[in-house]
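K.L.:
The structure under discussion is supplied below as structure tokens; questions concerning it will follow.
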Amino acid sequence: MDVKDMQNNRLTQHSFWGGLGTRLRPLTEKTPKPLLSVGGRPIITYAMEHLRTAGVNRFIVNTHHCAEKYAEVFPENNWQGIR
């Protein structure tokens with residue numbers, strides 16, 4: 001967290017979801033693990049929702065496999081107000 005974040009009362013979560021998801025193939029051949037749908041929404045949103053209750057209001061997600069899919073699922077670069 002940098003000084004600007006502290007002044008703006010931001011709490012940032014860095015998430016590393018860059019694996020290939022080989023154990024979940026064929027589900028992960030064209031979709032990264034965090035974007036697989038569970039209960040009608042991407043898995044990553046459950047983590048985001050939980051961390052939001054802890055005060056996190058900004059997420060930085062390090063991606064690798066099918067990184068372009070994140071822009072498709074989160075076209076505005078946010079989910080329910082979380083950036």
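Every chain in the structure tokens has a letter given in the order shown (A, B, ...), and although residue numbers restart at 1 in each chain, ligands are simply numbered from 1 in the order shown.
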So that I can check the surroundings of Ala67 of chain A, please list as a ChimeraX atom specification every protein, DNA and RNA residue that reaches within 9 Å of it, counting only C-alpha atoms and ignoring chain neighbours fewer than 3 positions away.

P.N.:
/A:18,31-32,62-64,70-71

K.L.:
Between A:Ser37, A:Thr28, A:Thr45, A:Thr22, which one has atoms that come closest to Trp79 of chain A, using only C-alpha atoms?

P.N.:
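Nearest candidate to Trp79 of chain A out of A:Ser37, A:Thr28, A:Thr45, A:Thr22: A:Thr45.
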
K.L.:
Considering only C-alpha atoms, return as a count of residues only whatever protein or nucleic-acid residues lie within 8 Å of Ile43 of chain A, sequence-local ones (same chain, fewer than 5 positions apart) excluded.

P.N.:
6

K.L.:
Which distance in Å separates atom CA of Arg52 of chain A and atom CA of Pro75 of chain A, to one decimal?

P.N.:
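About the pair atom CA of Arg52 of chain A and atom CA of Pro75 of chain A: they are 19.8 Å apart.
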
K.L.:
Could you check which of A:Val56, A:Val73, A:Cys66, A:Leu51 is closest to Gly21 of chain A, using only C-alpha atoms?

P.N.:
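When distances to Gly21 of chain A are compared using only C-alpha atoms, the smallest one comes from A:Cys66.
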
K.L.:
So the first atom is atom CA of Ile60 of chain A and the second is atom CA of Arg25 of chain A; what is the distance between them in Å, to one decimal place?

P.N.:
25.4 Å
